[in-house]
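Participant: This one is data_14.cif, mmCIF, C-alpha atoms.
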data_data
#
loop_
_atom_site.label_atom_id
_atom_site.label_comp_id
_atom_site.auth_asym_id
_atom_site.auth_seq_id
_atom_site.Cartn_x
_atom_site.Cartn_y
_atom_site.Cartn_z
CA MET B 250 -71.74 -44.46 -51.57
CA LYS B 251 -71.53 -46.89 -48.69
CA LYS B 252 -70.03 -45.85 -45.38
CA LYS B 253 -67.23 -47.94 -43.99
CA PHE B 254 -67.52 -49.12 -40.44
CA ASN B 255 -64.31 -49.55 -38.46
CA TRP B 256 -64.81 -52.19 -35.84
CA VAL B 257 -62.46 -51.79 -32.92
CA ILE B 258 -62.46 -54.59 -30.37
CA LYS B 259 -60.87 -53.71 -27.08
CA SER B 260 -58.70 -56.14 -25.17
CA LYS B 261 -61.17 -56.41 -22.33
CA HIS B 262 -63.86 -57.48 -24.83
CA ILE B 263 -61.54 -60.20 -26.19
CA LEU B 264 -60.94 -61.43 -22.64
CA VAL B 265 -64.70 -61.62 -21.96
CA ILE B 266 -65.29 -63.48 -25.26
CA MET B 267 -62.53 -66.00 -24.52
CA ILE B 268 -63.88 -66.62 -21.04
CA LEU B 269 -67.38 -67.21 -22.44
CA ILE B 270 -66.02 -69.61 -25.05
CA CYS B 271 -64.15 -71.57 -22.40
CA ILE B 272 -67.21 -71.79 -20.18
CA SER B 273 -69.32 -72.93 -23.17
CA LEU B 274 -66.83 -75.64 -24.10
CA MET B 275 -66.69 -76.89 -20.54
CA ALA B 276 -70.49 -76.99 -20.37
CA LEU B 277 -70.68 -78.75 -23.75
CA ALA B 278 -68.13 -81.33 -22.68
CA ALA B 279 -70.07 -82.06 -19.54
CA THR B 280 -73.36 -82.37 -21.42
CA VAL B 281 -72.40 -84.52 -24.38
CA ASN B 282 -69.56 -86.42 -22.73
CA LEU B 283 -66.90 -85.02 -25.06
CA PRO B 284 -63.33 -85.95 -24.29
CA VAL B 285 -61.98 -83.60 -21.65
CA GLY B 286 -58.45 -83.51 -23.06
CA PRO B 287 -59.22 -81.54 -26.25
CA VAL B 288 -61.35 -79.13 -24.26
CA LYS B 289 -58.54 -78.53 -21.78
CA ASN B 290 -56.18 -77.92 -24.69
CA VAL B 291 -58.50 -75.33 -26.15
CA ILE B 292 -58.94 -73.71 -22.76
CA GLY B 293 -55.18 -73.77 -22.26
CA TYR B 294 -54.56 -72.00 -25.55
CA ALA B 295 -57.15 -69.42 -24.63
CA ILE B 296 -56.30 -68.83 -20.96
CA ILE B 297 -52.55 -69.38 -20.60
CA PRO B 298 -51.46 -66.21 -22.49
CA PHE B 299 -53.74 -64.15 -20.27
CA GLN B 300 -52.53 -65.96 -17.16
CA ASN B 301 -48.90 -65.32 -18.16
CA GLY B 302 -49.71 -61.67 -18.62
CA ILE B 303 -51.39 -61.50 -15.23
CA ASN B 304 -48.38 -63.27 -13.64
CA SER B 305 -46.03 -60.74 -15.27
CA ILE B 306 -48.11 -57.90 -13.90
CA GLY B 307 -48.06 -59.54 -10.46
CA LYS B 308 -44.30 -59.89 -10.55
CA ALA B 309 -43.95 -56.28 -11.64
CA LEU B 310 -46.21 -55.17 -8.78
CA ASP B 311 -44.21 -57.29 -6.33
CA GLY B 312 -41.00 -55.68 -7.60
CA ALA B 313 -42.50 -52.21 -7.30
CA THR B 314 -43.70 -52.97 -3.76
CA ALA B 315 -40.24 -54.21 -2.80
CA GLY B 316 -38.72 -51.09 -4.35
CA LEU B 317 -41.06 -48.83 -2.37
CA GLN B 318 -40.26 -50.70 0.84
CA SER B 319 -36.53 -50.41 0.10
CA LYS B 320 -36.89 -46.69 -0.61
CA GLN B 321 -38.85 -46.17 2.61
CA GLN B 322 -36.14 -48.04 4.52
CA LEU B 323 -33.47 -45.84 2.95
CA VAL B 324 -35.44 -42.72 3.86
CA GLU B 325 -35.72 -43.87 7.49
CA GLU B 326 -32.02 -44.77 7.64
CA ASN B 327 -31.14 -41.38 6.14
CA GLN B 328 -33.27 -39.62 8.78
CA GLN B 329 -31.52 -41.59 11.53
CA LEU B 330 -28.11 -40.72 10.10
CA GLN B 331 -29.08 -37.04 9.84
CA GLU B 332 -30.19 -37.04 13.48
CA LYS B 333 -26.86 -38.61 14.43
CA VAL B 334 -24.96 -35.99 12.42
CA ASN B 335 -26.95 -33.20 14.12
CA GLN B 336 -26.22 -34.71 17.51
CA LEU B 337 -22.50 -35.03 16.78
CA THR B 338 -22.40 -31.48 15.40
CA GLU B 339 -24.02 -30.16 18.58
CA GLN B 340 -21.59 -32.16 20.74
CA ASN B 341 -18.64 -30.87 18.70
CA SER B 342 -19.87 -27.28 19.06
CA GLN B 343 -20.27 -27.70 22.82
CA LEU B 344 -16.81 -29.27 23.07
CA THR B 345 -15.30 -26.35 21.13
CA GLN B 346 -16.98 -23.88 23.48
CA ASP B 347 -15.77 -25.83 26.51
CA LEU B 348 -12.19 -25.85 25.19
CA ASP B 349 -12.37 -22.13 24.45
CA GLU B 350 -13.64 -21.44 27.98
CA LEU B 351 -10.90 -23.67 29.42
CA ASP B 352 -8.24 -21.70 27.52
CA ARG B 353 -9.63 -18.41 28.83
CA LEU B 354 -9.79 -19.67 32.40
CA GLN B 355 -6.23 -21.01 32.17
CA GLU B 356 -5.11 -17.62 30.89
CA LEU B 357 -6.94 -15.93 33.77
CA TYR B 358 -5.35 -18.33 36.27
CA SER B 359 -1.90 -17.60 34.83
CA LEU B 360 -2.59 -13.87 35.18
CA ASP B 361 -3.74 -14.41 38.76
CA GLN B 362 -0.42 -16.12 39.53
CA GLN B 363 1.53 -13.39 37.76
CA TYR B 364 0.05 -10.76 40.09
CA SER B 365 -0.26 -13.03 43.12
CA GLU B 366 0.62 -10.19 45.54
CA TYR B 367 -2.81 -8.63 45.01
CA ASP B 368 -6.18 -9.80 46.33
CA LYS B 369 -8.47 -10.29 43.33
CA VAL B 370 -11.95 -11.42 42.36
CA ALA B 371 -12.94 -12.92 39.00
CA ALA B 372 -15.84 -11.37 37.09
CA GLN B 373 -17.72 -11.86 33.85
CA VAL B 374 -18.62 -9.15 31.35
CA ILE B 375 -22.41 -8.81 31.21
CA ALA B 376 -22.80 -5.68 29.02
CA MET B 377 -20.80 -3.33 26.83
CA ASP B 378 -21.44 0.24 25.67
CA ASP B 379 -19.68 0.02 22.31
CA GLU B 380 -20.76 -2.59 19.78
CA ASN B 381 -17.22 -3.20 18.53
CA TRP B 382 -14.78 -2.42 21.32
CA PHE B 383 -14.79 -2.88 25.08
CA SER B 384 -14.15 0.78 25.82
CA THR B 385 -16.63 0.76 28.72
CA PHE B 386 -18.45 -2.32 29.95
CA THR B 387 -20.28 -3.80 32.93
CA ILE B 388 -19.20 -6.77 35.05
CA ASN B 389 -21.19 -8.97 37.44
CA ARG B 390 -19.27 -8.07 40.62
CA GLY B 391 -19.83 -5.17 42.99
CA THR B 392 -19.50 -3.98 46.56
CA ASP B 393 -20.79 -7.32 47.85
CA ASP B 394 -17.59 -8.84 46.41
CA GLY B 395 -15.23 -6.11 47.63
CA VAL B 396 -15.16 -4.12 44.37
CA GLN B 397 -14.75 -0.34 44.73
CA VAL B 398 -14.42 2.68 42.45
CA ASP B 399 -10.81 2.95 41.17
CA CYS B 400 -10.16 -0.80 41.43
CA ASN B 401 -7.76 -1.87 38.66
CA VAL B 402 -9.04 -4.46 36.18
CA ILE B 403 -6.79 -6.93 34.35
CA ALA B 404 -7.27 -9.65 31.74
CA GLY B 405 -5.49 -11.30 28.82
CA GLY B 406 -2.03 -10.76 30.28
CA GLY B 407 -2.26 -7.14 31.35
CA LEU B 408 -4.15 -3.95 32.16
CA VAL B 409 -7.74 -3.55 30.97
CA GLY B 410 -8.88 -0.45 32.82
CA ILE B 411 -10.37 0.88 36.03
CA VAL B 412 -13.72 0.71 37.84
CA THR B 413 -15.66 3.99 37.56
CA GLU B 414 -19.07 3.03 39.03
CA VAL B 415 -20.15 0.26 41.35
CA GLY B 416 -23.35 -1.27 42.75
CA ASN B 417 -24.04 -4.19 45.03
CA ASN B 418 -23.54 -6.82 42.33
CA TRP B 419 -22.28 -4.89 39.31
CA ALA B 420 -19.58 -2.43 38.32
CA THR B 421 -18.71 -0.28 35.29
CA VAL B 422 -15.20 -0.51 33.88
CA ARG B 423 -13.58 2.16 31.70
CA SER B 424 -10.85 0.55 29.64
CA ILE B 425 -7.56 2.19 28.68
CA ILE B 426 -8.63 2.43 25.02
CA ASP B 427 -11.44 4.87 25.86
CA ASP B 428 -10.89 8.42 24.56
CA SER B 429 -11.07 9.81 28.10
CA SER B 430 -8.42 7.43 29.48
CA ASN B 431 -4.87 8.49 30.36
CA VAL B 432 -2.51 6.10 32.12
CA SER B 433 0.83 7.05 33.65
CA ALA B 434 3.25 4.44 32.28
CA MET B 435 6.95 3.72 31.93
CA THR B 436 9.39 1.63 29.94
CA VAL B 437 10.72 -1.48 31.66
CA SER B 438 14.34 -1.27 30.49
CA THR B 439 14.95 2.42 31.30
CA SER B 440 12.03 3.41 33.59
CA ASP B 441 11.40 6.43 31.36
CA ARG B 442 7.90 7.69 31.91
CA CYS B 443 5.18 8.46 29.39
CA ILE B 444 1.40 8.76 29.12
CA VAL B 445 -0.64 6.06 27.38
CA ALA B 446 -3.65 7.85 25.89
CA GLY B 447 -6.88 6.13 24.85
CA ASP B 448 -7.91 6.54 21.22
CA LEU B 449 -10.82 4.55 19.79
CA ARG B 450 -9.84 5.48 16.23
CA LEU B 451 -6.30 4.22 16.69
CA ILE B 452 -7.43 0.96 18.32
CA ASN B 453 -9.05 0.05 14.99
CA GLU B 454 -5.46 -0.52 13.87
CA GLY B 455 -4.79 -2.56 17.00
CA LYS B 456 -2.67 0.18 18.59
CA LEU B 457 -2.57 2.66 21.46
CA GLN B 458 -0.71 5.97 21.58
CA PHE B 459 1.92 6.98 24.09
CA ILE B 460 3.09 10.59 24.46
CA HIS B 461 5.62 12.68 26.42
CA LEU B 462 8.28 9.98 26.49
CA LYS B 463 11.66 11.35 27.50
CA ASP B 464 14.38 9.30 25.82
CA ASP B 465 17.47 11.47 25.46
CA GLU B 466 19.78 8.57 24.60
CA ASP B 467 17.46 6.98 22.03
CA ARG B 468 17.39 3.66 23.83
CA ILE B 469 13.71 2.90 23.38
CA GLN B 470 13.20 0.55 20.43
CA GLU B 471 10.39 -1.46 18.92
CA GLY B 472 9.33 -4.28 21.26
CA GLU B 473 10.04 -2.36 24.46
CA LYS B 474 7.70 -3.29 27.34
CA ILE B 475 5.39 -0.57 28.65
CA VAL B 476 3.93 -1.00 32.15
CA THR B 477 2.03 1.18 34.62
CA SER B 478 4.39 3.53 36.43
CA ASP B 479 5.03 3.77 40.14
CA VAL B 480 3.85 7.39 40.23
CA SER B 481 0.42 6.71 38.76
CA GLU B 482 -2.34 8.17 40.89
CA LYS B 483 -4.84 5.32 40.48
CA PHE B 484 -3.08 2.45 38.71
CA LEU B 485 -0.98 -0.04 40.61
CA PRO B 486 2.67 -0.17 39.44
CA GLY B 487 4.17 -2.75 37.09
CA ILE B 488 1.03 -3.95 35.30
CA LEU B 489 1.82 -4.75 31.68
CA ILE B 490 0.12 -2.51 29.10
CA GLY B 491 1.78 -3.48 25.83
CA TYR B 492 4.84 -3.34 23.57
CA VAL B 493 6.24 -0.40 21.61
CA SER B 494 5.53 -0.63 17.89
CA GLU B 495 6.69 2.83 16.67
CA VAL B 496 8.66 5.76 18.09
CA GLU B 497 9.15 9.24 16.62
CA GLU B 498 10.67 12.50 17.77
CA ASP B 499 8.36 15.30 18.86
CA PRO B 500 8.75 18.74 17.19
CA ASN B 501 10.19 20.12 20.42
CA ASN B 502 13.08 17.60 20.25
CA LEU B 503 12.65 17.03 23.98
CA THR B 504 10.13 14.15 24.08
CA LYS B 505 8.94 11.33 21.85
CA THR B 506 5.61 10.02 20.70
CA GLY B 507 4.74 6.60 19.42
CA THR B 508 2.37 3.70 19.39
CA LEU B 509 2.24 0.44 21.25
CA THR B 510 0.43 -2.86 20.73
CA PRO B 511 -1.72 -3.60 23.79
CA VAL B 512 -1.38 -7.03 25.35
CA VAL B 513 -5.16 -7.23 25.92
CA ASP B 514 -7.53 -8.09 23.09
CA PHE B 515 -10.06 -5.28 23.58
CA GLU B 516 -12.41 -6.79 21.02
CA HIS B 517 -13.01 -10.10 22.82
CA ILE B 518 -13.09 -9.64 26.60
CA ARG B 519 -15.21 -12.25 28.39
CA GLU B 520 -13.76 -12.58 31.89
CA VAL B 521 -11.61 -10.23 33.97
CA LEU B 522 -9.87 -10.06 37.33
CA VAL B 523 -10.60 -7.11 39.59
CA ILE B 524 -7.79 -6.16 41.96
CA LYS B 525 -9.54 -5.24 45.20
CA GLU B 526 -6.57 -3.32 46.60
CA LEU B 527 -6.60 0.38 45.65
CA LYS B 528 -3.48 2.36 44.75
CA GLN B 529 -4.36 4.89 47.46
CA GLN B 530 -4.54 2.14 50.07
CA LYS B 531 -1.20 0.69 48.94
CA GLY B 532 0.37 4.12 49.23
CA ASP B 533 -0.94 4.54 52.77
CA SER B 534 0.30 1.14 53.92
#
In structure tokens, write the structure found in this file.
Facilitator:
Amino acid sequence: MKKKFNWVIKSKHILVIMILICISLMALAATVNLPVGPVKNVIGYAIIPFQNGINSIGKALDGATAGLQSKQQLVEENQQLQEKVNQLTEQNSQLTQDLDELDRLQELYSLDQQYSEYDKVAAQVIAMDDENWFSTFTINRGTDDGVQVDCNVIAGGGLVGIVTEVGNNWATVRSIIDDSSNVSAMTVSTSDRCIVAGDLRLINEGKLQFIHLKDDEDRIQEGEKIVTSDVSEKFLPGILIGYVSEVEEDPNNLTKTGTLTPVVDFEHIREVLVIKELKQQKGDS
């Protein structure tokens, strides 16, 4: 039984054969003086399809090159736009910080005017002992700036606390929310006295406790202003502490207990004013 042979001619072989045929015809025409026209026609039939194919490939390559150049241009433009966006985002963030700082400084200036009778120095908070609340913290002013132990500290519209330690260029402040803090206070409308006691658990609800309030005529209502009293040993009189939020009768039926909302945001203190005049000095004058 005879084996069948499958002849497979590749396209590149066809191209080589056609080129050889064309060269042979051209040589034959030159040798025997055959008419050039028929030879050209034969060559045209043989070459033109291949030439058209090569032209198509060239056009496709040109299109692909243009597409790659366009893509590269888009990538570069996208990078430039992204850099611009990053720059604008950074500028916007800086502007927001500047506006926030301006608001704080305006608030501090307003507070300075509110207590204009006292000599004060502005200070920045540089450290805090509690990670959530400013119960005790350090400021960047000290004895070189006239700060002393027992100087009153204010911010955010009212009383923050009192200086407990001081160095040449630093001081420690214990705020009125600290568990060890007790401030002699009074109501503005009736001048009834009470004690504002620090309580770090209660401040989580945004409140402070006041105790030993004598209010025989039940005149103290929600919203009443609480300020430092004139009989306080270390705190200057009339500094705003907060506003009454709840009042209840004590078991002895003689005094009342309640809570107040402090005017200072003890979670976000950045700058403070230190009153350089001590209560003891004011009392002696």
Participant: Have a look at B:Arg442, B:His517, B:Lys456, B:Lys369 and name the one nearest to Ile425 (chain B); count all atoms listed in the file.
Facilitator: B:Lys456
Participant: Go through the shown structure with the PyMOL selection byres ((chain B and resi 470) around 10) and write out the matching residues as a VMD selection string.
Facilitator: chain B and resid 467 to 469 471 to 474 492 to 496
Participant: So what do you get for CA of Met377 (chain B) versus CA of Asp427 (chain B), distance-wise?
Facilitator: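 Answer for the CA of Met377 (chain B) to CA of Asp427 (chain B) separation: 12.5 Å.
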Participant: Between CA of Ile518 (chain B) and CA of Trp419 (chain B), what is the spacing in Å?
Facilitator: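 CA of Trp419 (chain B) sits 16.4 Å away from CA of Ile518 (chain B).
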Participant: Could you tell me which of B:Val415, B:Ala371, B:Ser440, B:Asn381 comes closest to Val480 (chain B) if we count all atoms listed in the file?
Facilitator: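 Using all atoms listed in the file, Val480 (chain B) sits closest to B:Ser440.
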Participant: Evaluate the PyMOL selection byres ((chain B and resi 503-513) around 7) against this structure - the residues, as an mmCIF file with C-alpha atoms, in the frame of the given file, please.
Facilitator:
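The resulting result_7.cif:
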data_model
loop_
_atom_site.group_PDB
_atom_site.id
_atom_site.type_symbol
_atom_site.label_atom_id
_atom_site.label_comp_id
_atom_site.auth_asym_id
_atom_site.auth_seq_id
_atom_site.Cartn_x
_atom_site.Cartn_y
_atom_site.Cartn_z
ATOM 1 C CA ALA B 404 -7.270 -9.650 31.740
ATOM 2 C CA GLY B 405 -5.490 -11.300 28.820
ATOM 3 C CA GLY B 406 -2.030 -10.760 30.280
ATOM 4 C CA GLY B 407 -2.260 -7.140 31.350
ATOM 5 C CA VAL B 409 -7.740 -3.550 30.970
ATOM 6 C CA GLY B 455 -4.790 -2.560 17.000
ATOM 7 C CA LYS B 456 -2.670 0.180 18.590
ATOM 8 C CA LEU B 457 -2.570 2.660 21.460
ATOM 9 C CA GLN B 458 -0.710 5.970 21.580
ATOM 10 C CA PHE B 459 1.920 6.980 24.090
ATOM 11 C CA ILE B 460 3.090 10.590 24.460
ATOM 12 C CA HIS B 461 5.620 12.680 26.420
ATOM 13 C CA LEU B 462 8.280 9.980 26.490
ATOM 14 C CA LYS B 463 11.660 11.350 27.500
ATOM 15 C CA ASP B 464 14.380 9.300 25.820
ATOM 16 C CA ILE B 490 0.120 -2.510 29.100
ATOM 17 C CA GLY B 491 1.780 -3.480 25.830
ATOM 18 C CA TYR B 492 4.840 -3.340 23.570
ATOM 19 C CA VAL B 493 6.240 -0.400 21.610
ATOM 20 C CA SER B 494 5.530 -0.630 17.890
ATOM 21 C CA GLU B 495 6.690 2.830 16.670
ATOM 22 C CA VAL B 496 8.660 5.760 18.090
ATOM 23 C CA GLU B 497 9.150 9.240 16.620
ATOM 24 C CA GLU B 498 10.670 12.500 17.770
ATOM 25 C CA ASP B 499 8.360 15.300 18.860
ATOM 26 C CA ASN B 501 10.190 20.120 20.420
ATOM 27 C CA ASN B 502 13.080 17.600 20.250
ATOM 28 C CA ASP B 514 -7.530 -8.090 23.090
ATOM 29 C CA PHE B 515 -10.060 -5.280 23.580
#
Participant: Translate the PyMOL selection byres ((chain B and resi 483) around 9) into a concrete residue list for this structure, as an MDAnalysis selection string.
Facilitator: chainID B and resid 399:401 411 432 480:482 484:485 527:529
Participant: Would you put the residues from that selection into a file with C-alpha atoms, as a compact mmCIF listing (two decimals), in the coordinates of the input?
Facilitator:
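Okay, this is what ended up in again.txt:
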# COMPACT_ATOMS: atom_id res chain seq x y z
CA ASP B 399 -10.81 2.95 41.17
CA CYS B 400 -10.16 -0.80 41.43
CA ASN B 401 -7.76 -1.87 38.66
CA ILE B 411 -10.37 0.88 36.03
CA VAL B 432 -2.51 6.10 32.12
CA VAL B 480 3.85 7.39 40.23
CA SER B 481 0.42 6.71 38.76
CA GLU B 482 -2.34 8.17 40.89
CA PHE B 484 -3.08 2.45 38.71
CA LEU B 485 -0.98 -0.04 40.61
CA LEU B 527 -6.60 0.38 45.65
CA LYS B 528 -3.48 2.36 44.75
CA GLN B 529 -4.36 4.89 47.46
Participant: Using only C-alpha atoms, can you tell me which of B:Ser430, B:Gln329, B:Asn418, B:Thr413 comes closest to Thr392 (chain B)?
Facilitator: B:Asn418
Participant: Calculate how many Å separate CA of Val422 (chain B) from CA of Asp361 (chain B), rounding to one decimal.
Facilitator: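 CA of Asp361 (chain B) lies at a distance of 18.7 Å from CA of Val422 (chain B).
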Participant: Would you compute an axis-aligned box for region 364-374 of chain B, covering every atom listed for it in the file with 8 Å of margin on each side, and report centre and edge lengths in Å to one decimal as AutoDock Vina command-line options?
Facilitator:
--center_x -9.0 --center_y -10.8 --center_z 38.8 --size_x 35.2 --size_y 20.4 --size_z 31.0
Participant: Measuring between all atoms listed in the file, which one of B:Glu414, B:Asp352, B:Glu516, B:Asp394 shows the shortest distance to Asp379 (chain B)?
Facilitator: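 Looking only at the distances to Asp379 (chain B), the closest residue turns out to be B:Glu516.
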Participant: Which residue, B:Gly416, B:Asp428, B:Leu360, B:Arg353, has the smallest gap to Thr385 (chain B) when you use only C-alpha atoms?
Facilitator: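 Checking each of B:Gly416, B:Asp428, B:Leu360, B:Arg353 against Thr385 (chain B), counting only C-alpha atoms, the winner is B:Asp428.
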